[in-house]
$ cat structure.txt   # compact mmCIF, C-alpha atoms
# COMPACT_ATOMS: atom_id res chain seq x y z
CA MET A 379 11.31 11.60 24.56
CA ARG A 380 11.93 10.18 21.11
CA LYS A 381 12.80 6.48 21.12
CA PHE A 382 14.59 6.97 17.85
CA VAL A 383 17.20 9.65 17.52
CA VAL A 384 19.29 10.27 14.46
CA THR A 385 21.92 12.91 14.01
CA ILE A 386 23.12 13.48 10.50
CA ALA A 387 24.89 16.28 8.75
CA LEU A 388 22.74 17.68 5.98
CA ALA A 389 25.71 17.45 3.66
CA LEU A 390 25.51 13.66 3.77
CA LEU A 391 22.30 13.59 1.81
CA THR A 392 21.71 16.42 -0.63
CA PHE A 393 19.54 16.75 -3.67
CA SER A 394 19.52 19.13 -6.57
CA SER A 395 15.92 20.05 -5.82
CA PHE A 396 13.44 19.37 -3.06
CA SER A 397 10.58 20.98 -4.92
CA GLN A 398 8.44 17.93 -5.67
CA LEU A 399 9.77 14.39 -5.44
CA VAL A 400 6.63 12.65 -4.20
CA SER A 401 4.29 14.44 -6.63
CA LEU A 402 4.78 15.98 -10.06
CA ASN A 403 7.51 18.60 -10.23
CA ILE A 404 7.43 21.94 -12.06
CA ASN A 405 8.69 20.56 -15.38
CA GLU A 406 6.25 17.65 -15.25
CA ILE A 407 3.36 20.04 -14.62
CA LYS A 408 4.46 22.05 -17.67
CA LYS A 409 4.46 18.89 -19.75
CA LEU A 410 1.01 17.97 -18.44
CA LYS A 411 -0.35 21.40 -19.41
CA SER A 412 1.08 21.04 -22.88
CA GLN A 413 -0.37 17.56 -23.26
CA ILE A 414 -3.81 18.74 -22.14
CA LYS A 415 -3.64 21.45 -24.80
CA ASN A 416 -2.26 19.36 -27.66
CA ASP A 417 -3.34 15.74 -27.11
CA GLY A 418 -7.01 14.90 -27.67
CA GLU A 419 -7.12 11.83 -25.42
CA THR A 420 -5.46 13.65 -22.52
CA GLN A 421 -7.78 16.61 -23.01
CA LYS A 422 -10.82 14.33 -22.81
CA LEU A 423 -9.57 12.75 -19.58
CA TYR A 424 -8.77 16.17 -18.17
CA LEU A 425 -12.30 17.42 -18.80
CA GLY A 426 -13.65 14.63 -16.61
CA PHE A 427 -11.07 15.42 -13.94
CA GLU A 428 -11.89 19.13 -14.14
CA LYS A 429 -15.61 18.51 -13.73
CA SER A 430 -15.11 16.40 -10.61
CA THR A 431 -12.70 18.91 -9.11
CA LEU A 432 -15.16 21.76 -9.62
CA ASN A 433 -17.67 19.78 -7.56
CA TYR A 434 -15.14 19.42 -4.74
CA LEU A 435 -15.12 23.21 -4.33
CA ASN A 436 -18.65 22.92 -2.92
CA GLU A 437 -17.89 20.04 -0.55
CA GLN A 438 -16.79 20.11 3.08
CA PRO A 439 -13.92 18.12 4.60
CA ASN A 440 -14.90 14.97 6.48
CA PRO A 441 -11.83 14.17 8.62
CA ILE A 442 -11.77 11.30 11.09
CA ASP A 443 -9.86 11.29 14.36
CA THR A 444 -8.50 7.76 13.90
CA ILE A 445 -8.29 5.85 10.63
CA ARG A 446 -9.57 2.30 11.18
CA THR A 447 -9.29 -0.25 8.39
CA GLU A 448 -6.70 -2.79 9.57
CA GLY A 449 -8.07 -6.02 10.98
CA LEU A 450 -11.72 -5.07 10.44
CA LEU A 451 -14.15 -7.03 8.31
CA LYS A 452 -16.24 -5.52 5.56
CA GLY A 453 -19.39 -4.00 7.04
CA ASN A 454 -17.78 -3.05 10.34
CA PRO A 455 -19.14 0.43 11.30
CA LYS A 456 -15.65 1.79 12.10
CA LYS A 457 -14.35 0.62 8.75
CA GLU A 458 -17.34 2.12 6.94
CA LYS A 459 -16.91 5.47 8.72
CA THR A 460 -13.25 5.46 7.69
CA ARG A 461 -14.13 4.59 4.09
CA LEU A 462 -16.40 7.62 3.84
CA ALA A 463 -13.79 9.93 5.42
CA LEU A 464 -11.00 8.71 3.15
CA ALA A 465 -12.87 10.02 0.11
CA ASP A 466 -11.20 13.30 1.11
CA MET A 467 -7.79 12.00 0.04
CA ASN A 468 -8.47 12.04 -3.70
CA LYS A 469 -10.30 15.36 -3.35
CA MET A 470 -7.24 16.98 -1.77
CA PHE A 471 -4.96 15.68 -4.49
CA ALA A 472 -7.32 16.73 -7.28
CA LEU A 473 -7.66 20.25 -5.86
CA ALA A 474 -3.88 20.58 -5.49
CA LEU A 475 -3.21 19.35 -9.01
CA GLN A 476 -5.89 21.57 -10.51
CA TYR A 477 -4.32 24.54 -8.74
CA ARG A 478 -0.98 23.66 -10.32
CA ILE A 479 -2.59 23.31 -13.75
CA THR A 480 -4.72 26.49 -13.62
CA ASP A 481 -2.99 28.73 -11.01
CA ASP A 482 -6.52 29.48 -9.79
CA GLN A 483 -6.36 30.44 -6.10
CA LYS A 484 -9.74 28.96 -5.27
CA TYR A 485 -8.39 25.43 -5.74
CA LEU A 486 -5.43 26.17 -3.46
CA ASN A 487 -7.70 27.61 -0.78
CA LYS A 488 -10.01 24.61 -0.85
CA CYS A 489 -7.16 22.13 -0.74
CA VAL A 490 -5.67 23.92 2.28
CA GLU A 491 -9.10 23.81 3.93
CA PHE A 492 -9.16 19.99 3.53
CA LEU A 493 -5.57 19.51 4.68
CA ASP A 494 -6.09 21.81 7.66
CA ALA A 495 -9.19 19.95 8.76
CA TRP A 496 -7.34 16.63 8.75
CA ALA A 497 -4.27 18.09 10.44
CA LYS A 498 -6.43 19.41 13.29
CA ILE A 499 -8.53 16.29 13.86
CA ASN A 500 -6.64 13.19 12.73
CA LYS A 501 -4.41 11.57 15.35
CA PRO A 502 -1.85 9.03 14.10
CA ASN A 503 -1.79 5.68 15.89
CA GLY A 504 1.31 4.15 14.29
CA ASP A 505 -0.60 1.56 12.28
CA PRO A 506 0.86 1.49 8.74
CA ILE A 507 -2.09 -0.36 7.23
CA ASP A 508 -4.27 2.54 8.31
CA ASP A 509 -1.72 5.27 7.55
CA THR A 510 -1.02 3.96 4.05
CA ASN A 511 -4.30 5.64 3.09
CA LEU A 512 -2.70 9.08 3.53
CA ASP A 513 -0.69 8.92 0.29
CA LYS A 514 -2.84 11.38 -1.66
CA ALA A 515 -2.88 13.89 1.19
CA ILE A 516 0.92 13.81 1.30
CA GLU A 517 1.11 14.21 -2.49
CA ALA A 518 -1.35 17.11 -2.33
CA PHE A 519 0.76 18.89 0.28
CA ASP A 520 3.90 18.24 -1.76
CA LEU A 521 2.28 19.93 -4.77
CA ILE A 522 1.24 23.12 -2.97
CA LYS A 523 3.59 23.40 0.03
CA LYS A 524 5.41 26.44 -1.38
CA ASP A 525 2.17 28.44 -1.64
CA ILE A 526 0.48 27.53 1.66
CA PRO A 527 0.13 30.30 4.29
CA THR A 528 2.72 29.89 7.05
CA ALA A 529 0.31 29.06 9.90
CA ASP A 530 -1.48 26.41 7.84
CA LYS A 531 1.80 24.99 6.60
CA LYS A 532 3.15 24.59 10.15
CA GLN A 533 0.04 22.76 11.29
CA ILE A 534 0.05 20.36 8.33
CA GLU A 535 3.79 19.72 8.70
CA GLN A 536 3.28 18.96 12.39
CA TRP A 537 0.55 16.43 11.56
CA LEU A 538 2.73 14.67 8.99
CA THR A 539 5.75 14.72 11.31
CA GLU A 540 3.72 13.18 14.13
CA THR A 541 2.45 10.54 11.73
CA ALA A 542 6.00 9.56 10.77
CA TRP A 543 7.20 9.46 14.39
CA ALA A 544 4.20 7.33 15.37
CA GLU A 545 5.22 4.79 12.73
CA ILE A 546 8.89 4.79 13.73
CA ASN A 547 8.12 4.44 17.45
CA SER A 548 5.20 2.04 17.07
CA LYS A 549 5.04 -1.12 19.20
CA ARG A 550 4.29 -2.88 15.91
CA MET A 551 7.87 -2.05 14.86
CA LYS A 552 9.49 -3.95 17.74
CA ALA A 553 11.88 -6.79 16.92
CA GLY A 554 10.26 -10.19 17.07
CA ARG A 555 6.86 -9.03 15.87
CA ALA A 556 5.65 -10.22 12.46
CA THR A 557 4.47 -6.68 11.71
CA ALA A 558 8.09 -5.50 11.88
CA ILE A 559 9.06 -7.58 8.83
CA ASN A 560 5.95 -8.33 6.77
CA ASN A 561 3.84 -6.11 4.46
CA TRP A 562 3.12 -3.83 7.43
CA ASN A 563 6.75 -2.75 7.40
CA ALA A 564 6.71 -2.11 3.64
CA HIS A 565 3.82 0.31 4.13
CA ARG A 566 5.50 1.83 7.19
CA LEU A 567 8.67 2.55 5.20
CA LYS A 568 6.67 4.07 2.35
CA GLU A 569 4.78 6.42 4.66
CA VAL A 570 7.85 7.60 6.58
CA GLY A 571 9.75 7.96 3.30
CA GLU A 572 7.01 9.96 1.59
CA ILE A 573 6.80 12.30 4.56
CA GLY A 574 10.57 12.54 4.81
CA TYR A 575 11.05 13.57 1.20
CA THR A 576 8.05 15.91 1.26
CA LEU A 577 9.29 17.73 4.37
CA ASN A 578 12.98 17.37 3.50
CA ASN A 579 13.43 15.68 6.89
CA GLN A 580 16.86 14.06 6.77
CA ASN A 581 16.25 11.95 9.88
CA PHE A 582 13.20 10.32 8.30
CA ILE A 583 14.99 9.82 4.98
CA LYS A 584 18.03 8.16 6.52
CA TRP A 585 15.86 5.91 8.70
CA THR A 586 13.79 4.89 5.68
CA ILE A 587 16.76 4.00 3.50
CA GLU A 588 18.50 1.97 6.21
CA ASN A 589 15.34 0.04 7.00
CA LEU A 590 14.42 -0.52 3.34
CA LYS A 591 17.71 -2.34 2.86
CA SER A 592 17.02 -4.62 5.82
CA HIS A 593 13.41 -5.14 4.72
CA ILE A 594 14.47 -6.33 1.25
CA ASN A 595 16.92 -8.71 2.92
CA ILE A 596 14.40 -10.17 5.39
CA ASN A 597 11.10 -9.93 3.54
CA LEU A 598 12.07 -10.90 -0.01
CA TYR A 599 13.78 -14.15 -1.07
CA PRO A 600 16.40 -14.75 -3.80
CA ASP A 601 13.93 -16.92 -5.78
CA GLY A 602 11.55 -13.94 -6.04
CA THR A 603 8.99 -15.09 -3.48
CA SER A 604 8.26 -13.11 -0.34
CA LEU A 605 7.59 -13.66 3.33
CA ASP A 606 4.04 -12.45 2.77
CA PHE A 607 3.44 -14.94 -0.02
CA LYS A 608 4.76 -17.78 2.16
CA GLU A 609 2.56 -16.77 5.10
CA ARG A 610 -0.64 -16.01 3.18
CA ASP A 611 -0.26 -18.32 0.17
CA ALA A 612 -1.68 -15.46 -1.87
CA MET A 613 -0.43 -13.34 -4.75
CA HIS A 614 -2.68 -10.65 -3.29
CA TYR A 615 -0.25 -10.18 -0.40
CA HIS A 616 2.88 -10.51 -2.53
CA ILE A 617 1.48 -7.58 -4.53
CA TYR A 618 0.39 -5.68 -1.42
CA ASP A 619 3.97 -5.99 -0.14
CA LEU A 620 5.67 -4.95 -3.39
CA GLU A 621 3.46 -1.95 -4.18
CA PRO A 622 4.65 0.28 -1.30
CA MET A 623 8.28 -0.75 -1.88
CA LEU A 624 8.01 0.25 -5.53
CA LYS A 625 6.40 3.60 -4.65
CA LEU A 626 9.21 4.31 -2.23
CA ALA A 627 11.88 3.16 -4.69
CA ILE A 628 10.54 5.61 -7.29
CA ILE A 629 10.69 8.53 -4.84
CA ILE A 630 14.28 7.65 -3.85
CA ASP A 631 15.25 7.37 -7.51
CA ARG A 632 13.69 10.78 -8.23
CA ALA A 633 15.88 12.15 -5.44
CA ASN A 634 18.93 10.75 -7.26
CA GLY A 635 19.37 8.09 -4.59
CA THR A 636 20.08 4.36 -4.81
CA ASN A 637 18.19 2.38 -7.43
CA PHE A 638 16.30 0.12 -5.03
CA TYR A 639 14.56 -1.73 -7.83
CA ASN A 640 17.83 -3.36 -8.85
CA TYR A 641 19.44 -3.29 -5.40
CA GLU A 642 20.31 -6.78 -4.15
CA SER A 643 20.44 -7.64 -0.47
CA PRO A 644 23.31 -9.62 1.04
CA LYS A 645 21.32 -12.82 0.52
CA GLY A 646 20.56 -11.97 -3.13
CA SER A 647 16.92 -10.85 -2.89
CA SER A 648 15.62 -7.79 -4.73
CA ILE A 649 12.43 -5.98 -5.66
CA LYS A 650 13.19 -6.71 -9.31
CA LYS A 651 13.39 -10.47 -8.74
CA SER A 652 10.12 -10.41 -6.80
CA VAL A 653 8.37 -8.48 -9.59
CA GLU A 654 9.74 -10.82 -12.26
CA TRP A 655 8.67 -13.88 -10.25
CA LEU A 656 5.10 -12.57 -10.53
CA ILE A 657 5.12 -12.11 -14.33
CA PRO A 658 4.37 -15.74 -15.38
CA TYR A 659 1.24 -15.60 -13.24
CA ILE A 660 0.22 -12.34 -14.92
CA ASN A 661 0.87 -13.77 -18.39
CA GLY A 662 -1.20 -16.83 -17.64
CA GLU A 663 1.78 -19.20 -17.96
CA LYS A 664 1.21 -20.21 -14.34
CA GLN A 665 -1.86 -20.25 -12.12
CA HIS A 666 -2.29 -19.98 -8.40
CA GLU A 667 -5.13 -20.82 -6.02
CA GLU A 668 -5.22 -18.10 -3.37
CA TYR A 669 -5.22 -18.61 0.44
CA VAL A 670 -5.34 -22.42 0.36
CA ASN A 671 -2.55 -22.72 2.94
CA THR A 672 -2.71 -19.33 4.65
CA THR A 673 -1.45 -19.22 8.24
CA VAL A 674 -3.39 -16.04 9.07
CA LYS A 675 -6.77 -16.24 10.80
CA PHE A 676 -7.95 -12.90 9.37
CA ASP A 677 -7.85 -14.38 5.85
CA ARG A 678 -10.19 -17.18 6.95
CA ASP A 679 -12.43 -14.68 8.74
CA ARG A 680 -12.81 -12.64 5.55
CA ALA A 681 -13.66 -15.77 3.62
CA LYS A 682 -16.38 -16.57 6.17
CA ASN A 683 -17.59 -12.98 5.80
CA ASN A 684 -18.03 -13.67 2.06
CA GLU A 685 -15.59 -10.94 1.03
CA PRO A 686 -14.78 -11.28 -2.70
CA GLY A 687 -11.46 -12.93 -3.53
CA PHE A 688 -10.70 -14.36 -0.08
CA ALA A 689 -12.29 -17.79 -0.38
CA PRO A 690 -9.57 -20.49 -0.32
CA GLY A 691 -8.95 -21.78 -3.83
CA THR A 692 -9.98 -18.56 -5.60
CA MET A 693 -7.88 -18.34 -8.77
CA PHE A 694 -5.50 -15.41 -8.97
CA LYS A 695 -6.63 -12.87 -11.56
CA PRO A 696 -3.81 -11.11 -13.49
CA ASP A 697 -5.51 -7.69 -13.33
CA LEU A 698 -4.93 -7.70 -9.56
CA ALA A 699 -1.24 -7.17 -10.36
CA LEU A 700 -1.92 -3.78 -12.00
CA PRO A 701 -0.66 -1.81 -8.95
CA VAL A 702 2.75 -3.50 -9.28
CA ILE A 703 3.14 -3.39 -13.06
CA LYS A 704 2.15 0.27 -13.39
CA LEU A 705 4.94 1.10 -10.93
CA SER A 706 7.61 -1.38 -12.11
CA VAL A 707 7.45 0.05 -15.65
CA TYR A 708 9.12 3.16 -14.22
CA PHE A 709 12.28 1.08 -13.84
CA ASP A 710 11.81 -1.46 -16.64
CA ARG A 711 10.20 -0.17 -19.84
CA ALA A 712 9.96 -3.76 -21.07
CA HIS A 713 6.92 -4.02 -18.78
CA ALA A 714 5.02 -1.46 -20.88
CA ASP A 715 3.38 -4.11 -23.08
CA LEU A 716 2.47 -6.15 -20.03
CA LEU A 717 0.90 -3.05 -18.49
CA LYS A 718 -1.27 -2.56 -21.58
CA LYS A 719 -2.32 -6.21 -21.46
CA VAL A 720 -3.21 -6.16 -17.77
CA ASN A 721 -5.05 -2.86 -18.17
CA ASN A 722 -6.84 -3.93 -21.36
CA ASN A 723 -5.30 -0.93 -23.20
CA ASP A 724 -7.43 1.43 -21.12
CA THR A 725 -5.99 4.84 -20.24
CA SER A 726 -6.96 6.66 -17.06
CA TRP A 727 -6.12 10.14 -15.81
CA GLN A 728 -3.81 8.61 -13.20
CA MET A 729 -1.99 6.63 -15.88
CA VAL A 730 -1.37 9.87 -17.78
CA LEU A 731 0.23 11.34 -14.65
CA ASP A 732 2.28 8.19 -14.04
CA LYS A 733 3.56 8.18 -17.61
CA ILE A 734 4.62 11.83 -17.45
CA GLN A 735 6.51 11.12 -14.24
CA ARG A 736 8.40 8.10 -15.55
CA GLU A 737 9.20 9.72 -18.91
CA SER A 738 10.99 12.54 -17.08
CA LYS A 739 13.31 9.96 -15.51
$ encode --input "structure.txt" --output "structure tokens"
Amino acid sequence: MRKFVVTIALALLTFSSFSQLVSLNINEIKKLKSQIKNDGETQKLYLGFEKSTLNYLNEQPNPIDTIRTEGLLKGNPKKEKTRLALADMNKMFALALQYRITDDQKYLNKCVEFLDAWAKINKPNGDPIDDTNLDKAIEAFDLIKKDIPTADKKQIEQWLTETAWAEINSKRMKAGRATAINNWNAHRLKEVGEIGYTLNNQNFIKWTIENLKSHININLYPDGTSLDFKERDAMHYHIYDLEPMLKLAIIIDRANGTNFYNYESPKGSSIKKSVEWLIPYINGEKQHEEYVNTTVKFDRDRAKNNEPGFAPGTMFKPDLALPVIKLSVYFDRAHADLLKKVNNNDTSWQMVLDKIQRESK
């Protein structure tokens, strides 16, 4: 029996197109093809992408029954096994994107093989820190879902649906638990939202939007700081909290929904304020020593395990904010120069895709 039941008329939440909101849509793929053909830098990056993707055609899926990363120290055998399995995520996405670029059936077939393998073996456990690793698999499915054979499609959709329900019904979501309001919840909302928009599941979408509003109100503060920053005394966790919220906000915006970047909660907090609070630390105007006053034992355990960046007093490095700035520029083009600075003017294949997506806004 579902613990969470939502009934909603489909007319309450409609979109002009449910083709691709999580990944690149048809028009964006057309623009990418044109750019590959006519822009030398993009063509060079594509050749590297193409070479890697060709290699994936000869590889076999390596699914894992349970993703285990959360709460485990570097070197833990379960974490290492998961790390090796999660290499499949980028392979799935690359195969799906290459299929969209080339229309070559062999890439579609191989991508379906990977997705099928994971859908059959992986069992969701409702842990958002583990499930957040599924992003590229969801994006891959979003890219090719119209062309997948019916039986395969049903199995993959069932896997994703079960993953979303596991997050919604998780004991970690219960009121009174820190994991119901900290960065765990930001990742939970992102996963359920991605799956909801990919599957056009109105229950998941409505649940995500309602809970994103409450998360912004509880987790973020009007001065731009966050619950995670207060608890961990680390920019690392402020960033880790904002990144999934920004990803989700972009998807909702692409679906012509509320602009959650600018949305202000009843107490005056917003994603925008929390991004802007970070900027002086990225520019070097302010500095911060990480984890000095953390209240979380796991941070101290990682420091004892000599994991890079977790020793108390480690100075925050601006390039660690790249995940936030490359997403926030979607909403605020004034961050474009800051993105170049943080990224040292380097251009990656993923940045080409991100730029195409935001320029279609």
$ closest_residue --input "structure.txt" --among "A:Gly453, A:Gly691, A:Pro600, A:Pro701" --to "A:Pro622" --atoms "all atoms listed in the file"
A:Pro701
$ closest_residue --input "structure.txt" --among "A:Ile630, A:Ile596, A:Ala474, A:Ile660" --to "A:Ser643" --atoms "all atoms listed in the file"
A:Ile596
$ closest_residue --input "structure.txt" --among "A:Tyr615, A:Phe519, A:Trp655, A:Tyr424" --to "A:Leu402" --atoms "all atoms listed in the file"
A:Phe519
$ residues_around --input "structure.txt" --residues "A:Tyr434" --least-positions-apart "6" --cutoff "12 Å" --atoms "only C-alpha atoms" --output "JSON, numbers by chain"
{"A": [427, 428, 465, 466, 467, 468, 469, 470, 471, 472, 473, 474, 476, 484, 485, 486, 487, 488, 489, 491, 492]}
$ write_last_selection --input "structure.txt" --atoms "C-alpha atoms" --output "PDB file, keeping the file's coordinate frame"
ATOM      1  CA  PHE A 427     -11.070  15.420 -13.940  1.00  0.00           C
ATOM      2  CA  GLU A 428     -11.890  19.130 -14.140  1.00  0.00           C
ATOM      3  CA  ALA A 465     -12.870  10.020   0.110  1.00  0.00           C
ATOM      4  CA  ASP A 466     -11.200  13.300   1.110  1.00  0.00           C
ATOM      5  CA  MET A 467      -7.790  12.000   0.040  1.00  0.00           C
ATOM      6  CA  ASN A 468      -8.470  12.040  -3.700  1.00  0.00           C
ATOM      7  CA  LYS A 469     -10.300  15.360  -3.350  1.00  0.00           C
ATOM      8  CA  MET A 470      -7.240  16.980  -1.770  1.00  0.00           C
ATOM      9  CA  PHE A 471      -4.960  15.680  -4.490  1.00  0.00           C
ATOM     10  CA  ALA A 472      -7.320  16.730  -7.280  1.00  0.00           C
ATOM     11  CA  LEU A 473      -7.660  20.250  -5.860  1.00  0.00           C
ATOM     12  CA  ALA A 474      -3.880  20.580  -5.490  1.00  0.00           C
ATOM     13  CA  GLN A 476      -5.890  21.570 -10.510  1.00  0.00           C
ATOM     14  CA  LYS A 484      -9.740  28.960  -5.270  1.00  0.00           C
ATOM     15  CA  TYR A 485      -8.390  25.430  -5.740  1.00  0.00           C
ATOM     16  CA  LEU A 486      -5.430  26.170  -3.460  1.00  0.00           C
ATOM     17  CA  ASN A 487      -7.700  27.610  -0.780  1.00  0.00           C
ATOM     18  CA  LYS A 488     -10.010  24.610  -0.850  1.00  0.00           C
ATOM     19  CA  CYS A 489      -7.160  22.130  -0.740  1.00  0.00           C
ATOM     20  CA  GLU A 491      -9.100  23.810   3.930  1.00  0.00           C
ATOM     21  CA  PHE A 492      -9.160  19.990   3.530  1.00  0.00           C
TER      22      PHE A 492
END
$ residues_near_point --input "structure.txt" --point "(-5.1, 8.0, 1.3)" --cutoff "9 Å" --atoms "only C-alpha atoms" --output "JSON, numbers by chain"
{"A": [464, 465, 466, 467, 468, 508, 509, 510, 511, 512, 513, 514, 515, 516]}
$ closest_residue --input "structure.txt" --among "A:Glu737, A:Asp494, A:Glu540, A:Glu572" --to "A:Pro527" --atoms "all atoms listed in the file"
A:Asp494
$ atom_distance --input "structure.txt" --atom1 "atom CA of A:Glu621" --atom2 "atom CA of A:Leu521"
21.9 Å
$ atom_distance --input "structure.txt" --atom1 "atom CA of A:Asn500" --atom2 "atom CA of A:Thr541"
9.5 Å
$ build_atoms --input "structure.txt" --residues "stretch 590-598 of chain A" --atoms "all heavy atoms" --output "mmCIF file, in the coordinates of the input"
data_model
loop_
_atom_site.group_PDB
_atom_site.id
_atom_site.type_symbol
_atom_site.label_atom_id
_atom_site.label_comp_id
_atom_site.auth_asym_id
_atom_site.auth_seq_id
_atom_site.Cartn_x
_atom_site.Cartn_y
_atom_site.Cartn_z
ATOM 1 N N LEU A 590 14.812 0.101 4.600
ATOM 2 C CA LEU A 590 14.420 -0.520 3.340
ATOM 3 C C LEU A 590 15.420 -1.600 2.954
ATOM 4 O O LEU A 590 15.037 -2.677 2.482
ATOM 5 C CB LEU A 590 14.309 0.535 2.232
ATOM 6 C CG LEU A 590 13.933 0.022 0.845
ATOM 7 C CD1 LEU A 590 12.605 -0.730 0.869
ATOM 8 C CD2 LEU A 590 13.880 1.174 -0.169
ATOM 9 N N LYS A 591 16.683 -1.326 3.153
ATOM 10 C CA LYS A 591 17.710 -2.340 2.860
ATOM 11 C C LYS A 591 17.479 -3.603 3.677
ATOM 12 O O LYS A 591 17.524 -4.719 3.144
ATOM 13 C CB LYS A 591 19.101 -1.769 3.148
ATOM 14 C CG LYS A 591 19.554 -0.702 2.174
ATOM 15 C CD LYS A 591 20.916 -0.137 2.572
ATOM 16 C CE LYS A 591 21.369 0.941 1.598
ATOM 17 N NZ LYS A 591 22.658 1.543 2.007
ATOM 18 N N SER A 592 17.227 -3.447 4.966
ATOM 19 C CA SER A 592 17.020 -4.620 5.820
ATOM 20 C C SER A 592 15.706 -5.325 5.478
ATOM 21 O O SER A 592 15.608 -6.550 5.553
ATOM 22 C CB SER A 592 17.057 -4.234 7.296
ATOM 23 O OG SER A 592 16.011 -3.342 7.616
ATOM 24 N N HIS A 593 14.698 -4.536 5.069
ATOM 25 C CA HIS A 593 13.410 -5.140 4.720
ATOM 26 C C HIS A 593 13.548 -6.023 3.470
ATOM 27 O O HIS A 593 13.003 -7.132 3.426
ATOM 28 C CB HIS A 593 12.361 -4.055 4.475
ATOM 29 C CG HIS A 593 10.980 -4.594 4.254
ATOM 30 N ND1 HIS A 593 10.204 -5.095 5.264
ATOM 31 C CD2 HIS A 593 10.244 -4.737 3.117
ATOM 32 C CE1 HIS A 593 9.046 -5.520 4.780
ATOM 33 N NE2 HIS A 593 9.047 -5.299 3.474
ATOM 34 N N ILE A 594 14.247 -5.540 2.463
ATOM 35 C CA ILE A 594 14.470 -6.330 1.250
ATOM 36 C C ILE A 594 15.201 -7.623 1.584
ATOM 37 O O ILE A 594 14.907 -8.691 1.040
ATOM 38 C CB ILE A 594 15.248 -5.503 0.197
ATOM 39 C CG1 ILE A 594 14.359 -4.362 -0.331
ATOM 40 C CG2 ILE A 594 15.732 -6.381 -0.962
ATOM 41 C CD1 ILE A 594 15.097 -3.352 -1.193
ATOM 42 N N ASN A 595 16.135 -7.539 2.532
ATOM 43 C CA ASN A 595 16.920 -8.710 2.920
ATOM 44 C C ASN A 595 16.085 -9.738 3.678
ATOM 45 O O ASN A 595 16.240 -10.955 3.477
ATOM 46 C CB ASN A 595 18.109 -8.283 3.779
ATOM 47 C CG ASN A 595 19.093 -9.402 4.013
ATOM 48 O OD1 ASN A 595 19.602 -10.000 3.071
ATOM 49 N ND2 ASN A 595 19.369 -9.701 5.272
ATOM 50 N N ILE A 596 15.183 -9.258 4.542
ATOM 51 C CA ILE A 596 14.400 -10.170 5.390
ATOM 52 C C ILE A 596 13.103 -10.604 4.715
ATOM 53 O O ILE A 596 12.706 -11.765 4.779
ATOM 54 C CB ILE A 596 14.061 -9.486 6.734
ATOM 55 C CG1 ILE A 596 15.346 -9.225 7.515
ATOM 56 C CG2 ILE A 596 13.105 -10.335 7.558
ATOM 57 C CD1 ILE A 596 15.138 -8.375 8.757
ATOM 58 N N ASN A 597 12.446 -9.684 4.037
ATOM 59 C CA ASN A 597 11.100 -9.930 3.540
ATOM 60 C C ASN A 597 11.060 -10.617 2.179
ATOM 61 O O ASN A 597 10.142 -11.387 1.878
ATOM 62 C CB ASN A 597 10.326 -8.610 3.482
ATOM 63 C CG ASN A 597 8.897 -8.778 3.043
ATOM 64 O OD1 ASN A 597 8.606 -8.745 1.853
ATOM 65 N ND2 ASN A 597 7.995 -8.955 3.997
ATOM 66 N N LEU A 598 12.041 -10.324 1.331
ATOM 67 C CA LEU A 598 12.070 -10.900 -0.010
ATOM 68 C C LEU A 598 13.125 -12.012 -0.086
ATOM 69 O O LEU A 598 14.146 -11.952 0.603
ATOM 70 C CB LEU A 598 12.375 -9.823 -1.053
ATOM 71 C CG LEU A 598 11.423 -8.622 -1.083
ATOM 72 C CD1 LEU A 598 11.836 -7.656 -2.192
ATOM 73 C CD2 LEU A 598 9.976 -9.057 -1.260
#
